[in-house]
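Heads up: the structure comes next, in structure tokens.
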Amino acid sequence: MIRKLIPSSIKRNIRIAQRNRADRKSGIIKKFARPAKLPAKSTQVVSIEQPIYYNPLAANKVFNIELAIKEIQQVVIQPNEVFSFWHIVGNPTKEKGYKTGRNIIGDSLREDIGGGLCQVSGMIYHLALVSGMEIVERHNHTLDLYKEDGRYTPLGADATVVFGYKDIRFKNTTSAPFYFNFKVSESNFIGAIFSPEELPVFDLNFERKEFEGYRTIHTYRQNDKTQPMLINKSKYLLT
């Protein structure tokens, strides 16, 4: 009962402090990737293209994406470094220029400042999967709101982010540095990984199972040198 009376801003600050303390204790805070000079003579390793579907707040979504990717594209992820979405993007506030967009909050679709950033975090997660990175933290959406012809990414390739609570983090387990490059328009979003060296590319299989009121996705990864490996299990409630 007392917890319900605590303002959400205070709850978030407490959670951020807990996260920072855990990151310092584990030592991961020293491994976070940071902005750096991009490697010279880099080539594209892999790219993914997603549609951006129209809704009344779609223009705001594109604007929010542009703000976030401007920060992310300056980051070089060195071998053994960890990429953290919120460590780079920070709190997407109105004061920073972020606009109202659509977000899944709890078990419903609502309007919120910074709405639409989950497409960026999902793109990053998908690219990390394809390039063989070690997923340190990832959260799927709680609901599956989309019809098959209305998805911007395969079910199971999404990654929701909530500042202070849910992050997308992965570790560069390769021997080469790399960085992200993005292009966004009112109708599509393209994400790519660039590196001065070759990186492995993997195939993904999203194995779906249907149940009463929900469905699950088991995400497997493999290439011609590896056996299928289970990377993640996701559960989605149905509306």
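Note on naming: chains are A, B, ... as they come in the structure tokens, residues start from 1 per chain, ligands start from 1 in the order shown.
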Nearby residues (only C-alpha atoms) at most 9 Å from stretch 81-89 of chain A, same-chain spacing under 4 positions excluded, as a ChimeraX atom specification: /A:28-35,67-69,71-72,75,77,121,124,136-137,161-164,166-173
DSSP-assigned strand (DSSP E) among stretch 34-209 of chain A, expressed as a PyMOL selection string: chain A and resi 34-35+43-51+75-76+82-84+100-105+108-113+134-137+143-144+169-171+179-184+188-195+203-209
Please, could you write that set of residues out with C-alpha atoms as a compact mmCIF listing (two decimals), in the first residue's frame?
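Result file follows (result.txt):
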# COMPACT_ATOMS: atom_id res chain seq x y z
CA ARG A 34 31.43 5.16 -25.17
CA PRO A 35 31.56 7.69 -28.02
CA THR A 43 32.73 -1.88 -44.37
CA GLN A 44 29.15 -2.94 -43.81
CA VAL A 45 28.80 -6.31 -42.12
CA VAL A 46 25.03 -6.67 -42.06
CA SER A 47 21.93 -4.49 -42.40
CA ILE A 48 18.24 -4.78 -41.53
CA GLU A 49 15.36 -2.75 -42.95
CA GLN A 50 12.08 -2.21 -41.13
CA PRO A 51 8.92 -0.34 -42.12
CA VAL A 75 29.70 4.92 -30.17
CA VAL A 76 32.37 2.37 -31.06
CA VAL A 82 29.24 -3.76 -23.39
CA PHE A 83 26.72 -1.61 -25.23
CA SER A 84 23.97 -0.16 -23.02
CA THR A 100 5.07 12.26 -27.41
CA GLY A 101 4.77 8.90 -29.15
CA ARG A 102 3.11 5.55 -28.69
CA ASN A 103 4.47 3.08 -26.14
CA ILE A 104 3.28 -0.18 -24.65
CA ILE A 105 3.05 0.67 -20.95
CA SER A 108 -1.87 -1.28 -22.94
CA LEU A 109 -0.79 1.06 -25.74
CA ARG A 110 -0.44 4.63 -24.46
CA GLU A 111 1.09 7.97 -25.34
CA ASP A 112 4.34 8.92 -23.62
CA ILE A 113 7.37 11.18 -24.08
CA GLU A 134 26.36 -12.02 -26.31
CA ILE A 135 23.02 -10.67 -25.09
CA VAL A 136 23.49 -9.35 -21.55
CA GLU A 137 20.01 -7.87 -21.02
CA LEU A 143 1.73 -7.87 -25.32
CA ASP A 144 1.51 -8.97 -28.92
CA ARG A 169 22.69 -4.57 -23.38
CA PHE A 170 25.06 -6.82 -25.29
CA LYS A 171 28.76 -7.67 -25.17
CA TYR A 179 29.64 0.65 -34.75
CA PHE A 180 26.04 1.19 -35.83
CA ASN A 181 24.81 3.26 -38.74
CA PHE A 182 21.15 4.15 -39.22
CA LYS A 183 18.90 5.80 -41.77
CA VAL A 184 15.31 6.76 -41.01
CA ASN A 188 11.29 3.00 -43.18
CA PHE A 189 14.17 2.47 -40.76
CA ILE A 190 17.48 0.89 -41.76
CA GLY A 191 20.10 -0.26 -39.29
CA ALA A 192 23.56 -1.59 -40.10
CA ILE A 193 26.77 -2.68 -38.44
CA PHE A 194 30.12 -1.46 -39.80
CA SER A 195 33.56 -2.77 -38.88
CA ASP A 203 20.80 -17.02 -39.23
CA LEU A 204 17.91 -16.71 -36.79
CA ASN A 205 14.92 -18.95 -36.21
CA PHE A 206 11.96 -17.70 -34.17
CA GLU A 207 10.10 -20.83 -33.06
CA ARG A 208 6.51 -20.00 -32.08
CA LYS A 209 4.11 -21.92 -29.87
Two-atom distance - atom CA of A:Tyr152, atom CA of A:Lys225 (Å): 29.4 Å
Filtered DSSP result for stretch 2-112 of chain A, state alpha helix (DSSP H), as an MDAnalysis selection string: chainID A and resid 2:5 8:26 58:72 85:89
Residue nearest A:Glu186 among A:Thr153, A:Asn13, A:Asn60, A:Gln78 (counting only C-alpha atoms): A:Asn60
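Residues with any atom within 9 Å of A:Lys233, counting only C-alpha atoms and excluding same-chain neighbours fewer than 4 positions away, are Gly156, Thr216, Ile217, His218 and Thr219 of chain A.
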Kindly save the residues from that selection, with N, CA and C atoms included, as a compact mmCIF listing (two decimals), in the first residue's frame.
# COMPACT_ATOMS: atom_id res chain seq x y z
N GLY A 156 9.62 -11.78 -31.46
CA GLY A 156 10.79 -12.38 -30.84
C GLY A 156 12.05 -11.57 -31.09
N THR A 216 4.46 -18.06 -27.16
CA THR A 216 5.88 -17.97 -26.81
C THR A 216 6.74 -18.04 -28.07
N ILE A 217 7.91 -17.45 -27.97
CA ILE A 217 8.90 -17.50 -29.05
C ILE A 217 10.23 -17.96 -28.45
N HIS A 218 10.81 -19.01 -29.02
CA HIS A 218 12.16 -19.42 -28.68
C HIS A 218 13.07 -18.99 -29.83
N THR A 219 14.06 -18.18 -29.51
CA THR A 219 14.95 -17.64 -30.53
C THR A 219 16.23 -18.46 -30.60
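Non-sequential neighbours of A:Val201 (distance at most 10 Å, separation of 2 or more positions within a chain, only C-alpha atoms) are Val45, Val46, Leu127, Ala128, Leu129, Val130, Ser131, Gly132, Glu198, Leu199, Asp203, Leu204, Arg221, Gln222, Asn223 and Asp224 of chain A.
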Shell of 9 Å around A:Gly213, only C-alpha atoms, local chain residues under 4 positions omitted, as JSON, numbers by chain: {"A": [236, 237, 238, 239]}
